[in-house]
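*Asks:* input_34.cif is reproduced in full below (mmCIF, C-alpha atoms).
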data_data
#
loop_
_atom_site.label_atom_id
_atom_site.label_comp_id
_atom_site.auth_asym_id
_atom_site.auth_seq_id
_atom_site.Cartn_x
_atom_site.Cartn_y
_atom_site.Cartn_z
CA MET A 1 14.08 67.30 72.87
CA GLY A 2 12.32 69.58 70.37
CA SER A 3 12.16 67.75 67.06
CA ASN A 4 11.13 69.63 63.94
CA PRO A 5 8.05 67.73 62.56
CA ARG A 6 8.86 68.85 59.00
CA PHE A 7 12.32 67.37 59.32
CA LEU A 8 10.94 64.12 60.68
CA THR A 9 8.54 63.82 57.74
CA LEU A 10 11.34 64.43 55.26
CA ALA A 11 13.58 61.97 57.02
CA GLY A 12 10.77 59.42 56.80
CA VAL A 13 10.32 60.03 53.06
CA VAL A 14 14.04 59.65 52.47
CA LEU A 15 14.13 56.42 54.44
CA LEU A 16 11.17 55.08 52.48
CA LEU A 17 12.86 55.95 49.18
CA PHE A 18 16.01 54.14 50.19
CA ALA A 19 14.04 51.19 51.47
CA GLY A 20 12.06 51.05 48.21
CA ALA A 21 15.21 51.12 46.10
CA ALA A 22 16.84 48.48 48.26
CA ILE A 23 13.81 46.20 48.19
CA THR A 24 13.49 46.54 44.40
CA PHE A 25 17.14 45.71 43.97
CA LEU A 26 17.24 42.85 46.45
CA SER A 27 14.02 41.18 45.34
CA ARG A 28 14.98 41.27 41.66
CA ASN A 29 18.39 39.89 42.44
CA ALA A 30 17.06 37.22 44.75
CA ALA A 31 15.01 35.86 41.88
CA ARG A 32 17.98 35.98 39.54
CA PRO A 33 21.30 35.45 41.32
CA GLU A 34 24.11 37.70 40.21
CA VAL A 35 26.62 34.88 39.99
CA LYS A 36 26.66 34.59 36.22
CA PRO A 37 24.22 37.14 34.84
CA VAL A 38 26.07 37.51 31.56
CA GLN A 39 25.96 33.95 30.32
CA ALA A 40 23.77 33.16 27.33
CA PRO A 41 20.29 34.00 28.57
CA ALA A 42 17.78 31.18 28.19
CA ARG A 43 18.95 29.79 24.88
CA PRO A 44 19.68 26.17 25.78
CA ALA A 45 17.36 24.81 23.12
CA GLY A 46 18.69 27.07 20.38
CA MET A 47 21.78 26.85 18.25
CA ILE A 48 25.01 28.45 19.37
CA ALA A 49 26.05 29.10 15.78
CA GLY A 50 24.43 31.81 13.66
CA ILE A 51 21.34 30.38 11.95
CA PHE A 52 19.85 30.95 8.52
CA ASP A 53 16.10 31.41 8.59
CA PRO A 54 14.54 30.01 6.51
CA PRO A 55 17.26 27.54 5.54
CA HIS A 56 18.02 27.08 1.84
CA PRO A 57 19.67 24.09 0.14
CA ALA A 58 23.45 24.37 0.56
CA PRO A 59 24.96 25.13 -2.87
CA ASP A 60 26.45 21.89 -4.14
CA PHE A 61 29.77 21.50 -5.94
CA SER A 62 31.87 18.80 -7.50
CA LEU A 63 35.59 19.03 -6.75
CA PRO A 64 38.51 16.58 -6.81
CA GLY A 65 38.77 15.12 -3.32
CA SER A 66 41.79 14.23 -1.22
CA ASP A 67 40.62 10.59 -1.32
CA GLY A 68 40.84 10.50 -5.13
CA SER A 69 37.07 10.74 -5.68
CA GLU A 70 34.79 13.64 -6.55
CA VAL A 71 33.60 15.52 -3.48
CA THR A 72 29.98 16.61 -3.59
CA LEU A 73 27.52 17.48 -0.85
CA ALA A 74 24.98 15.07 -2.31
CA ARG A 75 27.39 12.27 -1.50
CA TYR A 76 27.04 13.05 2.21
CA ARG A 77 23.26 13.39 2.36
CA GLY A 78 22.16 11.82 5.64
CA LYS A 79 25.17 13.23 7.47
CA VAL A 80 25.77 16.61 9.04
CA VAL A 81 28.49 18.31 6.99
CA LEU A 82 30.91 20.80 8.49
CA LEU A 83 32.24 22.84 5.58
CA SER A 84 35.40 24.84 6.10
CA PHE A 85 37.57 26.90 3.75
CA GLY A 86 41.32 27.27 4.22
CA PHE A 87 44.76 26.15 3.07
CA THR A 88 47.34 23.73 4.36
CA TYR A 89 50.09 26.34 4.69
CA CYS A 90 47.88 28.39 7.00
CA ALA A 91 49.81 29.25 10.14
CA ALA A 92 47.12 29.58 12.78
CA VAL A 93 43.44 29.71 11.83
CA CYS A 94 43.12 26.51 9.76
CA PRO A 95 45.11 24.21 12.09
CA THR A 96 43.07 25.54 15.01
CA THR A 97 39.81 24.95 13.17
CA LEU A 98 40.79 21.44 12.07
CA ALA A 99 42.05 20.49 15.54
CA THR A 100 38.77 21.78 16.99
CA LEU A 101 36.72 19.77 14.49
CA ALA A 102 38.77 16.65 15.25
CA GLN A 103 37.96 17.12 18.94
CA VAL A 104 34.31 17.59 18.04
CA ARG A 105 34.25 14.19 16.33
CA SER A 106 35.89 12.45 19.25
CA LYS A 107 33.50 14.22 21.64
CA LEU A 108 30.52 12.95 19.67
CA GLY A 109 31.48 9.29 20.06
CA LYS A 110 29.34 7.01 17.87
CA ALA A 111 27.48 9.99 16.43
CA ALA A 112 30.74 11.07 14.76
CA ALA A 113 29.94 8.52 12.04
CA SER A 114 27.12 10.87 11.00
CA VAL A 115 29.38 13.90 10.71
CA GLN A 116 31.58 14.73 7.72
CA VAL A 117 34.19 17.47 7.67
CA ILE A 118 34.98 18.92 4.23
CA PHE A 119 37.97 21.24 3.97
CA VAL A 120 37.95 23.23 0.71
CA THR A 121 41.27 24.79 -0.20
CA VAL A 122 41.59 28.45 -1.13
CA ASP A 123 45.14 27.82 -2.36
CA PRO A 124 45.03 25.23 -5.16
CA ALA A 125 48.54 26.18 -6.36
CA ARG A 126 50.03 24.45 -3.31
CA ASP A 127 47.17 22.21 -2.16
CA ASP A 128 46.84 19.24 -4.50
CA ALA A 129 44.78 16.21 -3.51
CA ALA A 130 47.73 14.14 -2.24
CA HIS A 131 49.16 16.96 -0.18
CA MET A 132 45.75 17.66 1.37
CA ARG A 133 45.29 13.99 2.24
CA ASP A 134 48.60 13.88 4.12
CA TYR A 135 47.87 17.16 5.87
CA LEU A 136 44.32 16.27 6.95
CA LYS A 137 45.26 12.76 8.08
CA ALA A 138 47.23 14.29 10.94
CA PHE A 139 44.04 15.82 12.33
CA ASP A 140 41.47 13.12 11.59
CA PRO A 141 41.64 10.44 8.88
CA GLY A 142 37.89 10.93 8.34
CA PHE A 143 38.32 14.51 7.09
CA ILE A 144 38.11 15.05 3.36
CA GLY A 145 39.83 17.79 1.40
CA ALA A 146 38.60 19.36 -1.82
CA THR A 147 40.73 21.14 -4.39
CA GLY A 148 40.32 22.07 -8.06
CA THR A 149 41.05 24.78 -10.57
CA PRO A 150 41.23 28.35 -9.27
CA ASP A 151 38.05 29.18 -11.20
CA ALA A 152 36.10 26.21 -9.88
CA LEU A 153 37.12 27.00 -6.30
CA ALA A 154 36.31 30.68 -6.73
CA ALA A 155 32.84 29.70 -7.96
CA VAL A 156 32.26 27.61 -4.82
CA ARG A 157 33.45 30.44 -2.59
CA GLU A 158 31.10 32.85 -4.33
CA LYS A 159 28.11 30.60 -3.63
CA TYR A 160 28.92 30.69 0.09
CA GLY A 161 30.00 34.33 0.27
CA VAL A 162 33.49 33.24 1.24
CA THR A 163 36.44 35.53 0.57
CA ALA A 164 40.06 34.57 -0.08
CA VAL A 165 42.77 37.11 -0.85
CA ARG A 166 46.44 36.40 -1.40
CA ARG A 167 48.75 38.23 0.97
CA GLY A 168 52.49 38.53 0.44
CA GLU A 169 54.82 37.70 -2.44
CA GLY A 170 57.15 34.80 -3.13
CA PRO A 171 56.70 31.16 -2.21
CA ASP A 172 55.77 31.87 1.42
CA TYR A 173 52.64 33.86 0.67
CA ALA A 174 49.56 33.52 2.88
CA MET A 175 45.83 33.77 2.20
CA ASP A 176 43.37 35.94 4.07
CA HIS A 177 40.15 33.99 4.05
CA THR A 178 36.78 33.55 5.73
CA SER A 179 37.33 31.51 8.86
CA SER A 180 33.73 30.61 9.74
CA ILE A 181 32.49 27.03 9.45
CA PHE A 182 29.22 26.16 7.69
CA LEU A 183 26.85 23.59 9.18
CA ILE A 184 24.81 21.64 6.65
CA ASP A 185 22.04 19.36 7.90
CA ARG A 186 21.28 15.79 6.86
CA ALA A 187 18.84 16.99 4.22
CA GLY A 188 21.55 19.12 2.60
CA LYS A 189 20.29 22.48 3.85
CA LEU A 190 22.65 25.23 4.93
CA ARG A 191 21.48 25.71 8.49
CA ALA A 192 24.12 27.66 10.34
CA MET A 193 27.52 29.30 10.37
CA MET A 194 29.85 29.02 13.35
CA PRO A 195 32.31 31.91 13.60
CA PHE A 196 35.94 31.06 14.25
CA GLY A 197 36.92 30.71 17.89
CA HIS A 198 34.21 28.47 19.30
CA ASP A 199 35.27 25.44 21.30
CA PRO A 200 34.42 21.81 20.48
CA ALA A 201 31.55 21.71 23.00
CA ASP A 202 29.70 24.43 21.06
CA PHE A 203 29.99 22.49 17.80
CA ALA A 204 28.98 19.23 19.49
CA HIS A 205 25.93 20.98 20.98
CA ASP A 206 24.71 22.22 17.60
CA ILE A 207 25.53 19.01 15.75
CA ARG A 208 23.52 16.99 18.28
CA LEU A 209 20.57 19.32 17.66
CA LEU A 210 20.84 18.79 13.90
CA LEU A 211 21.26 15.02 14.24
CA ALA A 212 18.21 14.81 16.52
CA GLU A 213 15.89 16.27 13.85
CA MET B 1 20.04 64.02 73.85
CA GLN B 2 21.63 66.17 71.15
CA PRO B 3 21.26 65.03 67.51
CA PRO B 4 24.57 64.35 65.67
CA SER B 5 26.23 67.47 64.26
CA TRP B 6 25.79 66.44 60.59
CA ILE B 7 22.01 66.49 61.03
CA LEU B 8 21.93 70.19 61.77
CA PRO B 9 22.53 71.50 58.23
CA LEU B 10 19.91 69.05 56.95
CA ARG B 11 17.43 70.41 59.46
CA ARG B 12 18.17 73.93 58.36
CA HIS B 13 17.70 73.14 54.63
CA PRO B 14 15.08 70.40 54.53
CA ILE B 15 14.15 70.87 50.85
CA ALA B 16 17.74 70.70 49.69
CA ALA B 17 18.22 67.66 51.89
CA ALA B 18 15.16 65.98 50.40
CA LEU B 19 16.32 66.73 46.85
CA ALA B 20 19.76 65.34 47.62
CA ALA B 21 18.17 62.24 49.07
CA VAL B 22 15.99 61.73 45.99
CA LEU B 23 19.05 62.17 43.79
CA LEU B 24 20.98 59.68 45.89
CA ALA B 25 18.13 57.19 45.76
CA GLY B 26 17.96 57.61 41.98
CA LEU B 27 21.69 57.09 41.60
CA GLY B 28 21.49 54.07 43.89
CA TRP B 29 18.76 52.55 41.73
CA ALA B 30 20.66 53.32 38.49
CA ALA B 31 23.80 51.73 39.88
CA LEU B 32 22.25 48.62 41.36
CA ALA B 33 19.02 47.67 39.62
CA PRO B 34 19.46 45.00 36.93
CA ILE B 35 19.25 46.25 33.34
CA GLU B 36 16.59 44.56 31.27
CA LEU B 37 15.79 45.29 27.64
CA ALA B 38 12.71 44.16 25.76
CA SER B 39 14.75 42.57 22.98
CA HIS B 40 18.25 41.12 22.81
CA GLU B 41 18.41 41.69 19.06
CA ALA B 42 20.39 44.29 17.15
CA VAL B 43 18.76 44.23 13.73
CA PHE B 44 20.27 45.36 10.43
CA GLU B 45 18.23 45.10 7.25
CA ILE B 46 18.98 45.38 3.57
CA PRO B 47 15.90 47.14 2.20
CA ARG B 48 14.13 46.08 -0.96
CA GLY B 49 15.64 47.71 -4.02
CA THR B 50 19.18 47.90 -2.65
CA SER B 51 20.56 45.80 -5.47
CA ALA B 52 18.94 48.03 -8.11
CA ARG B 53 20.29 51.15 -6.41
CA HIS B 54 23.72 49.54 -6.24
CA MET B 55 23.58 48.65 -9.95
CA ALA B 56 22.68 52.28 -10.67
CA GLY B 57 26.00 53.25 -9.15
CA GLU B 58 24.70 54.49 -5.83
CA LYS B 59 26.99 53.97 -2.87
CA ILE B 60 25.05 52.33 -0.08
CA ASP B 61 26.26 52.02 3.48
CA ILE B 62 23.94 49.95 5.59
CA LEU B 63 26.34 48.45 8.08
CA PRO B 64 28.63 50.50 10.27
CA GLN B 65 32.31 49.54 10.25
CA THR B 66 32.02 48.51 13.88
CA ILE B 67 28.98 47.13 15.66
CA ARG B 68 28.97 47.34 19.43
CA LEU B 69 26.96 44.89 21.52
CA THR B 70 26.60 44.20 25.21
CA LEU B 71 26.46 40.69 26.58
CA GLY B 72 23.17 39.81 28.24
CA LEU B 73 21.49 42.98 26.90
CA ASN B 74 21.70 43.16 23.13
CA ASP B 75 23.83 40.19 22.16
CA ILE B 76 22.04 38.75 19.14
CA LEU B 77 22.97 40.22 15.77
CA VAL B 78 20.24 39.91 13.18
CA PHE B 79 20.89 40.52 9.49
CA LYS B 80 17.81 40.58 7.27
CA ASN B 81 17.86 40.57 3.52
CA ALA B 82 14.59 42.16 2.39
CA ASP B 83 15.96 42.70 -1.14
CA THR B 84 15.32 40.54 -4.18
CA ALA B 85 18.99 39.61 -4.72
CA PRO B 86 21.42 37.69 -2.51
CA HIS B 87 23.77 39.92 -0.51
CA ILE B 88 26.98 39.45 1.38
CA PHE B 89 25.80 41.18 4.49
CA GLY B 90 27.81 41.21 7.67
CA PRO B 91 29.58 37.92 8.18
CA THR B 92 27.91 35.89 5.45
CA LEU B 93 25.90 35.58 2.24
CA ILE B 94 22.19 35.97 2.87
CA MET B 95 19.51 34.95 0.38
CA PRO B 96 16.52 37.17 -0.49
CA GLY B 97 13.94 37.00 2.27
CA GLN B 98 16.38 35.24 4.56
CA THR B 99 17.49 36.24 8.04
CA PHE B 100 20.81 35.39 9.64
CA ARG B 101 20.71 35.42 13.44
CA LEU B 102 24.04 35.31 15.26
CA PRO B 103 24.09 35.08 19.07
CA PHE B 104 27.15 36.00 21.14
CA SER B 105 27.93 34.48 24.51
CA GLN B 106 31.46 35.76 25.09
CA ALA B 107 32.65 39.30 25.45
CA SER B 108 35.35 39.84 22.84
CA THR B 109 36.16 41.59 19.57
CA TYR B 110 35.18 39.67 16.47
CA SER B 111 36.33 40.40 12.94
CA PHE B 112 34.61 39.13 9.85
CA GLN B 113 35.65 39.41 6.23
CA CYS B 114 32.96 41.57 4.68
CA THR B 115 33.20 42.78 1.12
CA ALA B 116 30.56 45.39 1.82
CA HIS B 117 33.19 47.42 3.66
CA ALA B 118 35.98 49.42 2.11
CA ASN B 119 38.69 47.66 4.13
CA GLY B 120 36.94 44.30 3.75
CA GLN B 121 36.37 43.88 7.44
CA LEU B 122 33.46 44.13 9.83
CA ASN B 123 34.29 44.44 13.52
CA ILE B 124 31.89 43.38 16.22
CA ILE B 125 32.77 44.38 19.76
CA VAL B 126 30.86 42.53 22.43
CA ASP B 127 31.21 44.29 25.78
CA PRO B 128 30.70 42.42 29.05
CA ASN B 129 27.45 42.85 30.90
CA PRO B 130 27.73 45.98 33.06
CA ALA B 131 28.41 44.99 36.68
CA PRO B 132 26.34 46.47 39.52
CA GLY B 133 27.79 49.80 40.59
CA TRP B 134 29.70 52.22 38.46
CA GLU B 135 29.39 50.18 35.23
CA ARG B 136 25.59 50.03 35.38
CA LEU B 137 25.42 53.69 36.29
CA SER B 138 27.60 54.76 33.37
CA TRP B 139 25.73 52.39 31.01
CA ARG B 140 22.40 54.00 31.98
CA PHE B 141 23.93 57.46 31.61
CA ARG B 142 25.19 56.67 28.09
CA LYS B 143 21.78 55.19 27.20
CA LEU B 144 20.12 58.34 28.50
CA MET B 145 22.44 60.47 26.38
CA GLY B 146 21.44 58.47 23.30
CA GLY B 147 24.40 56.11 23.16
CA ALA B 148 24.43 52.32 23.10
#
Render the structure in this file as structure tokens.
*Replies:*
Amino acid sequence: MGSNPRFLTLAGVVLLLFAGAAITFLSRNAARPEVKPVQAPARPAGMIAGIFDPPHPAPDFSLPGSDGSEVTLARYRGKVVLLSFGFTYCAAVCPTTLATLAQVRSKLGKAAASVQVIFVTVDPARDDAAHMRDYLKAFDPGFIGATGTPDALAAVREKYGVTAVRRGEGPDYAMDHTSSIFLIDRAGKLRAMMPFGHDPADFAHDIRLLLAE
Amino acid sequence: MQPPSWILPLRRHPIAAALAAVLLAGLGWAALAPIELASHEAVFEIPRGTSARHMAGEKIDILPQTIRLTLGLNDILVFKNADTAPHIFGPTLIMPGQTFRLPFSQASTYSFQCTAHANGQLNIIVDPNPAPGWERLSWRFRKLMGGA
């Protein structure tokens, strides 16, 4: 059997290259299994929501509340406040958000006493205090609604960079509005913003971090 | 013992065979080796003086209409306001000197109301982490060609 030595050398080089590539691949994957490589990489201690760094005091406001009193952030100092903007005639986003936040409170157990949900209307023409109270009660009796004059509400939205635009004519109009939820810590600082679509476990995770501070 | 018939052309053209093998090995590595980037952050910054330029009537486009991210690779959006005035930047209002850091953990398309855009909307597409094989190969190819 007359083997060409040049061919054997080349074959050896090729084999080595393959072996090298295979070893690199296998060793790197052995250290980090490929089962769930896409899940949030090493962020267990961090917030799931988007965070503001450094945090600034959350802009305060004073608006007529669904419980008949004035709603201010100062009133809830010592609690984590979840601030959401929406309207009671909202077809999908607001009911989803409020149902999620209600689940968050039940998930938190005793700690729920240190969490306040404030739902600020973007549609004061239809959302008066009494109507908001009845609407919010169905989700969680602990939720508080805030309404007011269009100008006062617009001023609050501006401070948070929240948008609200009327869509459609007639009595069945809708409002396009910011759907994210703001997380305010016990010291009254605006710490984070959770985009729409997160599940209750994500909120509970971040709230526990804020309550533990 | 006779070598298999497919060996013969390789023996006749050893250099071509070696080049093909190197190419194959390279493709194998590109398709299988895990992708690792130094930073997971995609950073967008409002430079100092933006507000003044805006007041002067200049049209400033800092953010693209659509931002594309890849889960597990660059999946943290960072918006920095280096200006002296507050700005609605991306999904929220950011104070001067403040940074807003938004991590993503699910591949999806996200839409945010953003007044900085003509149609009032910022879209963020988060692609899934490229799987070993064709997806990783094409991701590396796009990266090589200057894409995301």
*Asks:* Starting from the displayed file, determine the output of the PyMOL selection byres ((chain B) within 7 of (chain A)) and express the residue list as a PDB file with C-alpha atoms, keeping the file's coordinate frame.
*Replies:*
ATOM      1  CA  MET B   1      20.040  64.020  73.850  1.00  0.00           C
ATOM      2  CA  ARG B  11      17.430  70.410  59.460  1.00  0.00           C
ATOM      3  CA  PRO B  14      15.080  70.400  54.530  1.00  0.00           C
ATOM      4  CA  ALA B  18      15.160  65.980  50.400  1.00  0.00           C
ATOM      5  CA  ALA B  21      18.170  62.240  49.070  1.00  0.00           C
ATOM      6  CA  ALA B  25      18.130  57.190  45.760  1.00  0.00           C
ATOM      7  CA  TRP B  29      18.760  52.550  41.730  1.00  0.00           C
ATOM      8  CA  LEU B  32      22.250  48.620  41.360  1.00  0.00           C
ATOM      9  CA  ALA B  33      19.020  47.670  39.620  1.00  0.00           C
ATOM     10  CA  LEU B  71      26.460  40.690  26.580  1.00  0.00           C
ATOM     11  CA  GLY B  72      23.170  39.810  28.240  1.00  0.00           C
ATOM     12  CA  ILE B  88      26.980  39.450   1.380  1.00  0.00           C
ATOM     13  CA  THR B  92      27.910  35.890   5.450  1.00  0.00           C
ATOM     14  CA  LEU B  93      25.900  35.580   2.240  1.00  0.00           C
ATOM     15  CA  GLN B  98      16.380  35.240   4.560  1.00  0.00           C
ATOM     16  CA  THR B  99      17.490  36.240   8.040  1.00  0.00           C
ATOM     17  CA  PHE B 100      20.810  35.390   9.640  1.00  0.00           C
ATOM     18  CA  ARG B 101      20.710  35.420  13.440  1.00  0.00           C
ATOM     19  CA  LEU B 102      24.040  35.310  15.260  1.00  0.00           C
ATOM     20  CA  PRO B 103      24.090  35.080  19.070  1.00  0.00           C
ATOM     21  CA  SER B 105      27.930  34.480  24.510  1.00  0.00           C
ATOM     22  CA  GLN B 113      35.650  39.410   6.230  1.00  0.00           C
ATOM     23  CA  ASN B 129      27.450  42.850  30.900  1.00  0.00           C
TER      24      ASN B 129
END
*Asks:* From the options B:Leu69, B:Gly26, B:Pro64, B:His87, which residue's atoms come nearest to Arg140 (chain B), counting all atoms listed in the file?
*Replies:*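 So, comparing all the options, the nearest one is B:Gly26.
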*Asks:* Could you name the residues that touch Pro91 (chain B) at 8 Å or less, counting all atoms listed in the file, but leaving out those on the same chain fewer than 5 positions away, as a ChimeraX atom specification?
*Replies:* /B:112-114,122
*Asks:* In terms of the shortest atom-to-atom distance over all atoms listed in the file, which of A:Ala146, A:Cys94, A:Ala113, A:Ala152 is closest to Ala174 (chain A)?
*Replies:* A:Cys94
*Asks:* Report, in Å to a single decimal, how far apart CA of Val80 (chain A) and CA of Arg186 (chain A) are.
*Replies:*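 CA of Arg186 (chain A) sits 5.1 Å away from CA of Val80 (chain A).
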*Asks:* Ranking A:Asp128, A:Phe87, A:Ala58, A:Gly78 by minimum distance to Ile94 (chain B) and counting all atoms listed in the file, which one comes first?
*Replies:*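 Distance minimum relative to Ile94 (chain B) lands on A:Ala58.
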*Asks:* Which one of B:Met145, B:Leu37, B:Leu10, B:Ala30 sits closest to Asn74 (chain B) if you count only C-alpha atoms?
*Replies:*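 Smallest distance to Asn74 (chain B) is found for B:Leu37.
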*Asks:* Using only C-alpha atoms, determine which residues lie at most 10 Å from Ser114 (chain A), disregarding the query and same-chain residues fewer than 5 positions distant; provide the list as a list in words.
*Replies:*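 The neighbour list is Tyr76, Arg77, Gly78, Lys79, Val80, Val81, Arg105, Leu108, Arg186, Ile207 and Leu211 of chain A.
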*Asks:* Output the selection as an mmCIF file, in the coordinates of the input - C-alpha atoms for each residue.
*Replies:*
data_model
loop_
_atom_site.group_PDB
_atom_site.id
_atom_site.type_symbol
_atom_site.label_atom_id
_atom_site.label_comp_id
_atom_site.auth_asym_id
_atom_site.auth_seq_id
_atom_site.Cartn_x
_atom_site.Cartn_y
_atom_site.Cartn_z
ATOM 1 C CA TYR A 76 27.040 13.050 2.210
ATOM 2 C CA ARG A 77 23.260 13.390 2.360
ATOM 3 C CA GLY A 78 22.160 11.820 5.640
ATOM 4 C CA LYS A 79 25.170 13.230 7.470
ATOM 5 C CA VAL A 80 25.770 16.610 9.040
ATOM 6 C CA VAL A 81 28.490 18.310 6.990
ATOM 7 C CA ARG A 105 34.250 14.190 16.330
ATOM 8 C CA LEU A 108 30.520 12.950 19.670
ATOM 9 C CA ARG A 186 21.280 15.790 6.860
ATOM 10 C CA ILE A 207 25.530 19.010 15.750
ATOM 11 C CA LEU A 211 21.260 15.020 14.240
#
*Asks:* So that I can check the surroundings of Thr100 (chain A), please list as a list in words every protein, DNA and RNA residue that reaches within 8 Å of it, counting all atoms listed in the file and ignoring chain neighbours fewer than 4 positions away.
*Replies:*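 Near Thr100 (chain A), the qualifying residues are Thr96, Val104, Asp199 and Pro200 of chain A.
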*Asks:* What separation in Å, quoted to one decimal, exists between CA of Glu213 (chain A) and CA of Phe85 (chain A)?
*Replies:*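 According to the coordinates, CA of Glu213 (chain A) and CA of Phe85 (chain A) are separated by 26.2 Å.
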*Asks:* Need the shell around region 59-72 of chain A: protein/DNA/RNA residues with any atom at most 6 Å away, counting all atoms listed in the file. Skip same-chain ones fewer than 4 positions apart. Format as a list in words?
*Replies:*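 Here the answer would be Ala129, Met132, Arg133, Ile144, Gly145, Ala146, Thr147 and Gly148 of chain A.
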*Asks:* Restricting it to C-alpha atoms, dump the selection as an mmCIF file, keeping the file's coordinate frame.
*Replies:*
data_model
loop_
_atom_site.group_PDB
_atom_site.id
_atom_site.type_symbol
_atom_site.label_atom_id
_atom_site.label_comp_id
_atom_site.auth_asym_id
_atom_site.auth_seq_id
_atom_site.Cartn_x
_atom_site.Cartn_y
_atom_site.Cartn_z
ATOM 1 C CA ALA A 129 44.780 16.210 -3.510
ATOM 2 C CA MET A 132 45.750 17.660 1.370
ATOM 3 C CA ARG A 133 45.290 13.990 2.240
ATOM 4 C CA ILE A 144 38.110 15.050 3.360
ATOM 5 C CA GLY A 145 39.830 17.790 1.400
ATOM 6 C CA ALA A 146 38.600 19.360 -1.820
ATOM 7 C CA THR A 147 40.730 21.140 -4.390
ATOM 8 C CA GLY A 148 40.320 22.070 -8.060
#
*Asks:* To box region 164-181 of chain A, take all atoms listed in the file, fit an axis-aligned box, add 6 Å on each side, and give centre and edge lengths in Å to one decimal, as AutoDock Vina command-line options.
*Replies:*
--center_x 44.8 --center_y 32.8 --center_z 3.3 --size_x 36.7 --size_y 23.5 --size_z 24.9
*Asks:* For CA of Ile7 (chain B) and CA of Ala31 (chain B), determine how far apart the two atoms are, in Å to one decimal place.
*Replies:*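 About the pair CA of Ile7 (chain B) and CA of Ala31 (chain B): they are 25.9 Å apart.
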*Asks:* Tell me which residues the PyMOL selection byres ((chain B and resi 40) around 6) grabs here, as a PyMOL selection string.
*Replies:* chain B and resi 39+41+73-76
*Asks:* The PyMOL selection byres ((chain B and resi 127) around 8) on the file shown: which residues, as a VMD selection string?
*Replies:* chain B and resid 68 to 71 107 to 108 125 to 126 128 to 129
